[in-house]
file run19.txt (compact mmCIF, C-alpha atoms and all ligand atoms)
# COMPACT_ATOMS: atom_id res chain seq x y z
CA MET F 1 -26.24 30.52 -5.59
CA SER F 2 -24.31 29.68 -2.44
CA GLN F 3 -20.81 28.26 -2.76
CA GLU F 4 -22.10 24.90 -1.59
CA THR F 5 -24.79 24.87 -4.30
CA VAL F 6 -22.21 25.75 -6.97
CA ARG F 7 -20.05 22.85 -5.76
CA THR F 8 -22.97 20.41 -5.85
CA VAL F 9 -23.89 21.53 -9.37
CA GLU F 10 -20.28 21.15 -10.52
CA LEU F 11 -19.94 17.71 -8.93
CA GLU F 12 -23.16 16.62 -10.66
CA LYS F 13 -22.04 18.04 -13.99
CA ALA F 14 -18.67 16.28 -13.70
CA ALA F 15 -20.39 13.01 -12.79
CA GLN F 16 -22.72 13.34 -15.79
CA LYS F 17 -19.87 14.09 -18.21
CA ILE F 18 -17.88 11.10 -16.92
CA ALA F 19 -20.91 8.78 -17.13
CA GLN F 20 -21.59 9.87 -20.72
CA ALA F 21 -17.97 9.80 -21.88
CA LYS F 22 -17.14 7.52 -24.79
CA ASN F 23 -13.38 8.04 -24.45
CA LEU F 24 -12.52 8.91 -20.88
CA VAL F 25 -8.80 9.53 -20.33
CA THR F 26 -7.34 10.30 -16.92
CA PHE F 27 -4.12 12.19 -16.28
CA SER F 28 -2.68 12.02 -12.78
CA GLY F 29 0.13 13.32 -10.63
CA ALA F 30 1.48 12.85 -7.14
CA GLY F 31 -1.72 14.16 -5.48
CA LEU F 32 -3.50 10.95 -6.57
CA SER F 33 -1.26 8.90 -4.27
CA ALA F 34 -1.00 11.46 -1.43
CA GLU F 35 -3.78 9.81 0.57
CA SER F 36 -1.87 6.52 0.31
CA GLY F 37 1.00 8.13 2.24
CA ILE F 38 3.22 8.83 -0.80
CA ALA F 39 4.83 12.28 -0.66
CA THR F 40 4.09 14.82 -3.39
CA PHE F 41 6.82 16.99 -4.93
CA ARG F 42 5.94 20.65 -4.78
CA ASP F 43 2.69 21.47 -2.99
CA LYS F 44 2.56 23.58 0.19
CA ASN F 45 2.91 20.54 2.44
CA GLN F 46 6.27 20.52 4.27
CA ASP F 47 6.72 16.85 3.37
CA ALA F 48 6.71 17.64 -0.37
CA LEU F 49 9.90 16.05 -1.71
CA TRP F 50 11.33 19.01 -3.63
CA ARG F 51 10.89 21.21 -0.53
CA LYS F 52 13.14 18.89 1.47
CA PHE F 53 15.55 17.55 -1.15
CA ASP F 54 17.50 19.00 -4.08
CA PRO F 55 16.27 17.42 -7.33
CA ALA F 56 19.61 18.20 -9.02
CA LYS F 57 21.36 15.92 -6.51
CA LEU F 58 18.77 13.11 -6.56
CA ALA F 59 17.03 13.09 -9.91
CA SER F 60 19.60 13.96 -12.53
CA GLN F 61 22.48 12.27 -14.33
CA GLU F 62 24.86 14.84 -12.76
CA GLY F 63 23.65 14.02 -9.23
CA PHE F 64 24.08 10.29 -9.95
CA SER F 65 27.65 10.79 -11.21
CA GLU F 66 28.50 12.89 -8.16
CA ASN F 67 27.19 10.41 -5.59
CA PRO F 68 25.50 7.26 -6.94
CA GLU F 69 25.05 5.71 -3.49
CA ARG F 70 23.13 8.75 -2.21
CA VAL F 71 20.76 8.53 -5.19
CA ILE F 72 20.14 4.77 -4.88
CA ASP F 73 19.63 4.98 -1.11
CA TRP F 74 17.03 7.75 -1.60
CA TYR F 75 15.08 5.78 -4.21
CA ASN F 76 15.29 2.64 -2.08
CA ALA F 77 13.79 4.50 0.89
CA ARG F 78 10.91 5.60 -1.37
CA ARG F 79 10.52 2.01 -2.59
CA LYS F 80 10.24 0.69 0.98
CA THR F 81 7.51 3.28 1.72
CA LEU F 82 5.70 2.23 -1.46
CA ALA F 83 5.95 -1.45 -0.48
CA GLN F 84 3.74 -0.64 2.54
CA ALA F 85 1.28 1.60 0.65
CA LYS F 86 -2.23 0.64 -0.42
CA PRO F 87 -4.37 2.17 -3.17
CA ASN F 88 -6.77 4.80 -1.81
CA PRO F 89 -10.41 5.42 -2.85
CA ALA F 90 -9.23 7.69 -5.69
CA HIS F 91 -7.20 4.88 -7.29
CA VAL F 92 -10.15 2.53 -6.83
CA ALA F 93 -12.63 4.95 -8.43
CA LEU F 94 -10.36 5.60 -11.44
CA SER F 95 -9.54 1.92 -11.90
CA SER F 96 -13.19 0.88 -11.94
CA SER F 97 -13.85 3.19 -14.91
CA GLY F 98 -12.05 1.22 -17.62
CA ALA F 99 -10.46 4.48 -18.84
CA VAL F 100 -6.96 4.85 -20.24
CA HIS F 101 -4.80 6.26 -17.44
CA ILE F 102 -1.84 8.51 -18.19
CA THR F 103 0.20 9.08 -15.06
CA GLN F 104 3.30 10.96 -14.00
CA ASN F 105 3.48 8.74 -10.92
CA VAL F 106 6.24 6.17 -10.61
CA ASP F 107 4.23 4.01 -8.20
CA ASN F 108 2.07 0.99 -9.04
CA LEU F 109 -1.03 1.98 -7.07
CA LEU F 110 -3.38 2.34 -10.06
CA GLU F 111 -2.42 -1.18 -11.14
CA SER F 112 -2.79 -2.46 -7.56
CA ALA F 113 -6.34 -1.07 -7.61
CA GLY F 114 -7.06 -3.06 -10.79
CA ALA F 115 -6.30 -0.60 -13.62
CA THR F 116 -5.07 -2.42 -16.72
CA ASP F 117 -4.17 0.38 -19.14
CA VAL F 118 -1.70 2.69 -17.41
CA LEU F 119 0.82 4.81 -19.32
CA HIS F 120 3.76 5.74 -17.08
CA LEU F 121 5.18 8.95 -18.54
CA HIS F 122 7.93 9.24 -15.91
CA GLY F 123 8.83 5.56 -15.60
CA SER F 124 8.49 3.30 -12.58
CA LEU F 125 10.12 2.55 -9.24
CA LEU F 126 9.47 -1.14 -9.90
CA SER F 127 12.35 -1.55 -12.27
CA ASP F 128 16.08 -0.81 -12.61
CA HIS F 129 18.18 -0.59 -15.75
CA CYS F 130 21.84 -0.19 -16.69
CA ASN F 131 22.94 3.44 -16.64
CA ALA F 132 25.42 2.76 -19.44
CA GLY F 133 22.51 1.85 -21.71
CA CYS F 134 23.46 -1.79 -22.44
CA GLY F 135 19.75 -2.61 -22.36
CA TYR F 136 19.82 -4.81 -19.24
CA SER F 137 16.91 -4.30 -16.82
CA GLU F 138 15.53 -6.00 -13.73
CA THR F 139 12.31 -6.00 -11.72
CA VAL F 140 12.77 -4.58 -8.23
CA ASP F 141 11.47 -6.10 -5.00
CA LEU F 142 10.07 -2.91 -3.42
CA ALA F 143 10.37 -4.23 0.13
CA ASN F 144 13.98 -5.40 -0.36
CA PRO F 145 15.60 -3.26 -3.05
CA GLN F 146 19.26 -3.93 -3.84
CA ALA F 147 21.93 -1.44 -2.79
CA LEU F 148 24.15 0.33 -5.35
CA ARG F 149 25.57 -2.28 -7.71
CA LYS F 150 27.29 -2.55 -11.09
CA CYS F 151 25.28 -3.75 -14.07
CA PRO F 152 25.55 -7.58 -13.93
CA ASN F 153 25.43 -7.71 -17.74
CA CYS F 154 28.12 -5.23 -18.87
CA SER F 155 29.76 -3.94 -15.64
CA ASN F 156 30.31 -0.60 -17.42
CA SER F 157 28.11 1.39 -15.07
CA TYR F 158 25.71 1.08 -12.16
CA MET F 159 22.09 -0.06 -12.20
CA ARG F 160 19.67 2.84 -11.72
CA PRO F 161 15.92 3.25 -11.22
CA SER F 162 13.89 3.26 -14.43
CA VAL F 163 12.43 6.71 -13.78
CA VAL F 164 12.85 9.82 -15.89
CA TRP F 165 15.36 12.26 -14.41
CA PHE F 166 15.54 15.98 -15.10
CA GLY F 167 17.09 16.59 -18.50
CA GLU F 168 16.12 13.13 -19.81
CA PRO F 169 13.52 12.49 -22.51
CA LEU F 170 10.24 10.76 -21.73
CA PRO F 171 9.89 7.21 -23.09
CA ASP F 172 9.02 7.89 -26.71
CA ALA F 173 6.44 5.14 -27.38
CA VAL F 174 4.61 5.92 -24.12
CA MET F 175 4.47 9.66 -24.88
CA GLN F 176 3.29 9.02 -28.44
CA ARG F 177 0.44 6.83 -27.23
CA ALA F 178 -0.41 9.37 -24.50
CA ILE F 179 -0.72 12.12 -27.13
CA GLU F 180 -2.89 9.87 -29.30
CA GLU F 181 -5.23 8.91 -26.43
CA THR F 182 -5.39 12.52 -25.23
CA SER F 183 -6.28 13.74 -28.73
CA ASN F 184 -9.15 11.22 -28.91
CA ALA F 185 -10.52 11.90 -25.41
CA ASP F 186 -13.98 13.42 -25.06
CA VAL F 187 -13.51 13.80 -21.30
CA PHE F 188 -10.04 14.41 -19.85
CA LEU F 189 -9.88 14.05 -16.07
CA VAL F 190 -6.84 15.63 -14.44
CA VAL F 191 -6.11 14.50 -10.87
CA GLY F 192 -3.57 15.73 -8.33
CA THR F 193 -0.97 17.44 -10.45
CA SER F 194 0.54 20.92 -10.23
CA ALA F 195 0.72 20.79 -14.06
CA ALA F 196 4.13 22.39 -13.77
CA VAL F 197 6.33 19.78 -15.45
CA TYR F 198 6.54 19.59 -19.24
CA PRO F 199 6.08 17.87 -21.62
CA ALA F 200 3.58 15.92 -19.44
CA ALA F 201 1.54 19.01 -18.48
CA GLY F 202 1.25 19.89 -22.18
CA LEU F 203 -1.27 17.05 -22.54
CA ILE F 204 -3.95 19.19 -20.86
CA PRO F 205 -4.06 21.87 -23.59
CA ILE F 206 -3.80 19.13 -26.24
CA ALA F 207 -6.98 17.55 -24.81
CA ALA F 208 -8.79 20.91 -24.79
CA GLU F 209 -7.66 21.78 -28.34
CA HIS F 210 -9.12 18.48 -29.56
CA GLY F 211 -12.47 19.24 -27.96
CA ALA F 212 -12.29 17.29 -24.70
CA PHE F 213 -14.23 18.45 -21.67
CA VAL F 214 -11.48 18.97 -19.07
CA ILE F 215 -12.18 18.30 -15.38
CA VAL F 216 -9.52 19.05 -12.73
CA VAL F 217 -9.57 17.51 -9.23
CA ASN F 218 -6.94 19.05 -6.95
CA THR F 219 -6.58 20.31 -3.39
CA GLU F 220 -5.54 23.76 -4.65
CA THR F 221 -5.93 25.67 -7.90
CA SER F 222 -3.29 24.40 -10.30
CA GLY F 223 -1.93 25.90 -13.48
CA ALA F 224 -4.26 23.76 -15.58
CA SER F 225 -7.02 25.49 -17.49
CA CYS F 226 -10.23 23.47 -17.52
CA ASN F 227 -14.02 23.41 -17.83
CA ILE F 228 -14.65 22.36 -14.23
CA GLU F 229 -12.30 22.54 -11.25
CA LEU F 230 -13.25 20.47 -8.19
CA LEU F 231 -11.18 21.53 -5.21
CA GLY F 232 -10.62 18.92 -2.52
CA LYS F 233 -9.01 15.56 -1.88
CA ALA F 234 -9.10 13.13 -4.78
CA GLY F 235 -9.98 10.27 -2.41
CA GLU F 236 -13.13 12.12 -1.38
CA ILE F 237 -14.18 13.67 -4.71
CA LEU F 238 -13.56 10.82 -7.16
CA PRO F 239 -15.82 8.26 -5.46
CA GLN F 240 -18.59 10.89 -5.72
CA VAL F 241 -18.17 11.56 -9.44
CA PHE F 242 -17.81 7.92 -10.52
P1 LIG F 301 3.33 17.96 -7.58
O1 LIG F 301 3.84 17.66 -6.22
O2 LIG F 301 4.01 19.01 -8.38
O3 LIG F 301 1.79 18.34 -7.50
C1 LIG F 301 0.88 17.57 -6.75
C2 LIG F 301 -0.44 18.30 -6.76
O4 LIG F 301 -1.39 17.47 -6.08
C3 LIG F 301 -0.44 19.64 -6.04
O5 LIG F 301 -1.05 20.62 -6.87
C4 LIG F 301 -1.26 19.40 -4.76
O6 LIG F 301 -2.04 20.52 -4.41
C5 LIG F 301 -2.17 18.26 -5.21
N1 LIG F 301 -2.64 17.37 -4.12
C6 LIG F 301 -2.02 17.04 -2.97
N2 LIG F 301 -2.75 16.16 -2.26
C7 LIG F 301 -3.86 15.92 -2.98
C8 LIG F 301 -5.01 15.10 -2.80
N3 LIG F 301 -5.16 14.33 -1.71
N4 LIG F 301 -5.97 15.11 -3.75
C9 LIG F 301 -5.84 15.89 -4.88
N5 LIG F 301 -4.78 16.69 -5.10
C10 LIG F 301 -3.79 16.69 -4.18
O7 LIG F 301 3.32 16.54 -8.36
P2 LIG F 301 3.24 16.28 -9.93
O8 LIG F 301 2.37 17.28 -10.60
O9 LIG F 301 2.91 14.85 -10.08
O10 LIG F 301 8.80 14.01 -11.98
O11 LIG F 301 4.73 16.52 -10.35
C11 LIG F 301 5.12 16.25 -11.67
C12 LIG F 301 6.51 15.66 -11.71
O12 LIG F 301 7.41 16.49 -10.96
C13 LIG F 301 6.65 14.31 -11.03
O13 LIG F 301 6.25 13.23 -11.85
C14 LIG F 301 8.11 14.24 -10.74
C15 LIG F 301 8.35 15.64 -10.24
O14 LIG F 301 9.63 16.14 -10.44
C16 LIG F 301 9.79 13.13 -12.04
O15 LIG F 301 10.19 12.53 -11.08
C17 LIG F 301 10.35 12.98 -13.41
call {"tool": "encode", "arguments": {"input": "run19.txt", "output": "structure tokens"}}
result
Amino acid sequence: MSQETVRTVELEKAAQKIAQAKNLVTFSGAGLSAESGIATFRDKNQDALWRKFDPAKLASQEGFSENPERVIDWYNARRKTLAQAKPNPAHVALSSSGAVHITQNVDNLLESAGATDVLHLHGSLLSDHCNAGCGYSETVDLANPQALRKCPNCSNSYMRPSVVWFGEPLPDAVMQRAIEETSNADVFLVVGTSAAVYPAAGLIPIAAEHGAFVIVVNTETSGASCNIELLGKAGEILPQVF
């Protein structure tokens, strides 16, 4: 069989599995939003965030203590980019499926495309909370995010984005539900992730161990083991398999 025939057969098989799925669960990473103009973190692209910036300075409690203004300004620049972004055909295809979506993305593009059940493992750029842990939180206006400011409730620390930084635990209830949904999935569709960051990436073997058929859609071979790997842009492949 030619490479093109193999690809057509695999696309058709993936489409059939998705159509027949009783419990479709999707698991996405930054590649899902790449075609919406949102930078990824660690692929070969020169714009990938962790190729240009030091995560220890921008996405850790230590980096925030060292220079809180630098951290807030960086997140606010990302928020302003997100305010202009639109869901791409990959978000639209996933959202039309009625699946449960587990995502590492901190954007709202699945929801903007109409998805209703989205589990944000790494938090969201759409909210801020008190870094001292007083429990105060606020919704953020992406187009006009506020500069560095003290918590208006307790004044003990600054407000910070409600995203998970390196060294911090994932939100417990969200992770528990993600594990439960993953364990019950009969088809687990992995989109646009390098599968390099744990515990999130550990969901892929959990799905396989519980008998799910695992499909990966990615521009390059990732670390994820799967039944079918479809190489290419999510915005081109997903509309074909849904
Ligand atoms: P990565 O940047 O590590 O991986 C993105 C993957 O998407 C790469 O394998 C790319 O090849 C692929 N990709 C790029 N464009 C694509 C496209 N148009 N269609 C399909 N695939 C495409 O991003 P994540 O795996 O999401 O954590 O990274 C995981 C976590 O690392 C992030 O949530 C973030 C980061 O540190 C936190 O901020 C806590």
call {"tool": "axis_aligned_box", "arguments": {"input": "run19.txt", "around": "ligand LIG 301 (chain F)", "padding_each_side": "4 Å", "output": "AutoDock Vina command-line options"}}
result
--center_x 2.2 --center_y 16.6 --center_z -7.6 --size_x 24.3 --size_y 16.1 --size_z 19.7
call {"tool": "residues_near_point", "arguments": {"input": "run19.txt", "point": "(3.2, 10.4, -5.0)", "cutoff": "10 Å", "atoms": "all atoms listed in the file", "output": "ChimeraX atom specification"}}
result
/F:28-41,48-49,78,82,104-107,109,192-193
call {"tool": "atom_distance", "arguments": {"input": "run19.txt", "atom1": "CA of Gly123 in chain F", "atom2": "atom O9 of ligand LIG 301 (chain F)"}}
result
12.3 Å
call {"tool": "closest_residue", "arguments": {"input": "run19.txt", "among": "F:Glu10, F:Ala99, F:Thr139, F:His120", "to": "Asn227 in chain F", "atoms": "only C-alpha atoms"}}
result
F:Glu10
call {"tool": "residues_around", "arguments": {"input": "run19.txt", "residues": "Val214 in chain F", "least_positions_apart": "3", "cutoff": "9 Å", "atoms": "all atoms listed in the file", "output": "PyMOL selection string"}}
result
chain F and resi 186-190+204+207-208+211+225-229
call {"tool": "atom_distance", "arguments": {"input": "run19.txt", "atom1": "atom C5 of ligand LIG 301 (chain F)", "atom2": "CA of Ser194 in chain F"}}
result
6.3 Å
call {"tool": "closest_residue", "arguments": {"input": "run19.txt", "among": "F:Gln20, F:Thr5, F:Asn67, F:Asn88", "to": "ligand LIG 301 (chain F)", "atoms": "only C-alpha atoms and all ligand atoms"}}
result
F:Asn88
call {"tool": "atom_distance", "arguments": {"input": "run19.txt", "atom1": "CA of Gly235 in chain F", "atom2": "CA of Lys13 in chain F"}}
result
18.4 Å
call {"tool": "closest_residue", "arguments": {"input": "run19.txt", "among": "F:Val25, F:Leu119, F:Leu11, F:Val191", "to": "ligand LIG 301 (chain F)", "atoms": "all atoms listed in the file"}}
result
F:Val191
call {"tool": "closest_residue", "arguments": {"input": "run19.txt", "among": "F:Leu125, F:Ala147, F:Ala115, F:Ala21", "to": "ligand LIG 301 (chain F)", "atoms": "all atoms listed in the file"}}
result
F:Leu125
call {"tool": "closest_residue", "arguments": {"input": "run19.txt", "among": "F:Gln176, F:Asn76, F:Ser155, F:Gln46", "to": "ligand LIG 301 (chain F)", "atoms": "all atoms listed in the file"}}
result
F:Gln46
call {"tool": "residues_around", "arguments": {"input": "run19.txt", "residues": "Gly114 in chain F", "least_positions_apart": "4", "cutoff": "9 Å", "atoms": "all atoms listed in the file", "output": "ChimeraX atom specification"}}
result
/F:91-92,95-96,109-110
call {"tool": "closest_residue", "arguments": {"input": "run19.txt", "among": "F:Val100, F:Ile206, F:Leu121, F:Leu126", "to": "Pro169 in chain F", "atoms": "all atoms listed in the file"}}
result
F:Leu121
call {"tool": "residues_around", "arguments": {"input": "run19.txt", "residues": "Cys154 in chain F", "least_positions_apart": "4", "cutoff": "9 Å", "atoms": "all atoms listed in the file", "output": "ChimeraX atom specification"}}
result
/F:130,132,134,136,150
call {"tool": "residues_around", "arguments": {"input": "run19.txt", "residues": "Val164 in chain F", "least_positions_apart": "4", "cutoff": "7 Å", "atoms": "all atoms listed in the file", "output": "VMD selection string"}}
result
chain F and resid 122 to 123 168 170
call {"tool": "residues_near_point", "arguments": {"input": "run19.txt", "point": "(20.0, 7.9, -5.7)", "cutoff": "9 Å", "atoms": "all atoms listed in the file", "output": "PyMOL selection string"}}
result
chain F and resi 57-59+63-64+67-76+148+160-161
call {"tool": "decode", "arguments": {"input": "run19.txt", "residues": "range 64-108 of chain F", "atoms": "C-alpha atoms", "output": "compact mmCIF listing (two decimals), in the first residue's frame"}}
result
# COMPACT_ATOMS: atom_id res chain seq x y z
CA PHE F 64 6.70 35.32 40.85
CA SER F 65 8.46 36.14 44.14
CA GLU F 66 11.53 37.36 42.26
CA ASN F 67 9.66 39.68 39.90
CA PRO F 68 5.85 39.68 40.14
CA GLU F 69 5.42 42.50 37.62
CA ARG F 70 7.36 40.60 34.94
CA VAL F 71 5.11 37.56 35.44
CA ILE F 72 1.83 39.54 35.34
CA ASP F 73 2.92 41.54 32.29
CA TRP F 74 3.76 38.30 30.43
CA TYR F 75 0.40 36.70 31.22
CA ASN F 76 -1.41 39.92 30.31
CA ALA F 77 0.30 39.97 26.91
CA ARG F 78 -0.91 36.39 26.35
CA ARG F 79 -4.41 37.41 27.47
CA LYS F 80 -4.52 40.26 24.94
CA THR F 81 -3.51 37.84 22.15
CA LEU F 82 -6.23 35.43 23.30
CA ALA F 83 -8.81 38.25 23.32
CA GLN F 84 -8.30 38.54 19.54
CA ALA F 85 -8.25 34.78 18.84
CA LYS F 86 -11.08 32.77 17.32
CA PRO F 87 -11.72 29.03 17.56
CA ASN F 88 -10.32 27.14 14.55
CA PRO F 89 -11.92 24.20 12.68
CA ALA F 90 -10.36 21.75 15.17
CA HIS F 91 -12.17 23.39 18.11
CA VAL F 92 -15.38 23.42 16.09
CA ALA F 93 -15.10 19.73 15.16
CA LEU F 94 -14.40 18.66 18.76
CA SER F 95 -17.14 20.86 20.19
CA SER F 96 -19.78 19.47 17.85
CA SER F 97 -19.14 15.94 19.15
CA GLY F 98 -20.71 16.28 22.60
CA ALA F 99 -17.64 14.52 24.09
CA VAL F 100 -16.07 15.29 27.44
CA HIS F 101 -13.00 17.44 26.75
CA ILE F 102 -9.95 17.28 29.00
CA THR F 103 -7.52 20.03 28.12
CA GLN F 104 -4.15 21.31 29.24
CA ASN F 105 -4.92 24.60 27.51
CA VAL F 106 -5.57 27.71 29.57
CA ASP F 107 -7.57 29.38 26.79
CA ASN F 108 -11.35 29.38 26.33
